[in-house]
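Chemist: Please read through the structure below; I'll follow up with questions.
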Amino acid sequence: MDDVLFGAAAACALVPALLTVRATNLIHAALWLGASLLATAAVYAALGSSFIAAVQVLVYVGGVITLMLFGVMMT
């Protein structure tokens with residue numbers, strides 16, 4: 001059961017990562033990056049590392065994506 005959950009979370013992390021690289025619009029790329037980082041937090045949670053998953057969401061998804069979108073909107 002845990003292997004299936006891990007595989008599903010890893011696949012859900014891979015698809016937005018590929019869409020981030022292939023995006024031509026910067027806003028869409030930033031949003032796909034946020035989805036990929038959230039899925040990476042799900043991978044950490046599936047591995048049993050709840051603290052790392054929470055830090056992933058707080059630091060990367062909360063901070064980096066907000067800063068990136070704010071910077072894009074200001075320019």
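Chain labels follow the order of the structure tokens: the first chain is A, the next B, and so on; residue numbering restarts at 1 in every chain, and ligands are counted from 1 in their shown order.
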Would you list the contacts of region 5-15 of chain A as a ChimeraX atom specification, taking every protein, DNA or RNA residue within 9 Å and counting only C-alpha atoms, but skipping same-chain residues closer than 5 positions in sequence?
Modeler: /A:20,35-47
Chemist: Could you check which of A:Val55, A:Leu26, A:Leu18, A:Leu33 is closest to Thr75 (chain A), using only C-alpha atoms?
Modeler: A:Leu26
Chemist: Do you have the CA of Ile27 (chain A)-CA of Met73 (chain A) distance handy?
Modeler: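 One can read the CA of Ile27 (chain A) to CA of Met73 (chain A) distance as 8.9 Å.
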Chemist: In Å, with one decimal, what is the gap from CA of Ala54 (chain A) to CA of Gly71 (chain A)?
Modeler: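 Pair CA of Ala54 (chain A) / CA of Gly71 (chain A) returns 24.3 Å.
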Chemist: Give me, please, the distance in Å between CA of Phe51 (chain A) and CA of Ile65 (chain A), quoted to one decimal.
Modeler: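 About the pair CA of Phe51 (chain A) and CA of Ile65 (chain A): they are 19.8 Å apart.
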Chemist: Taking only C-alpha atoms into account, name the residue in A:Ala23, A:Ala17, A:Leu31, A:Val4 that is nearest to Met68 (chain A).
Modeler: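 Ranked by minimum distance to Met68 (chain A), first place goes to A:Leu31.
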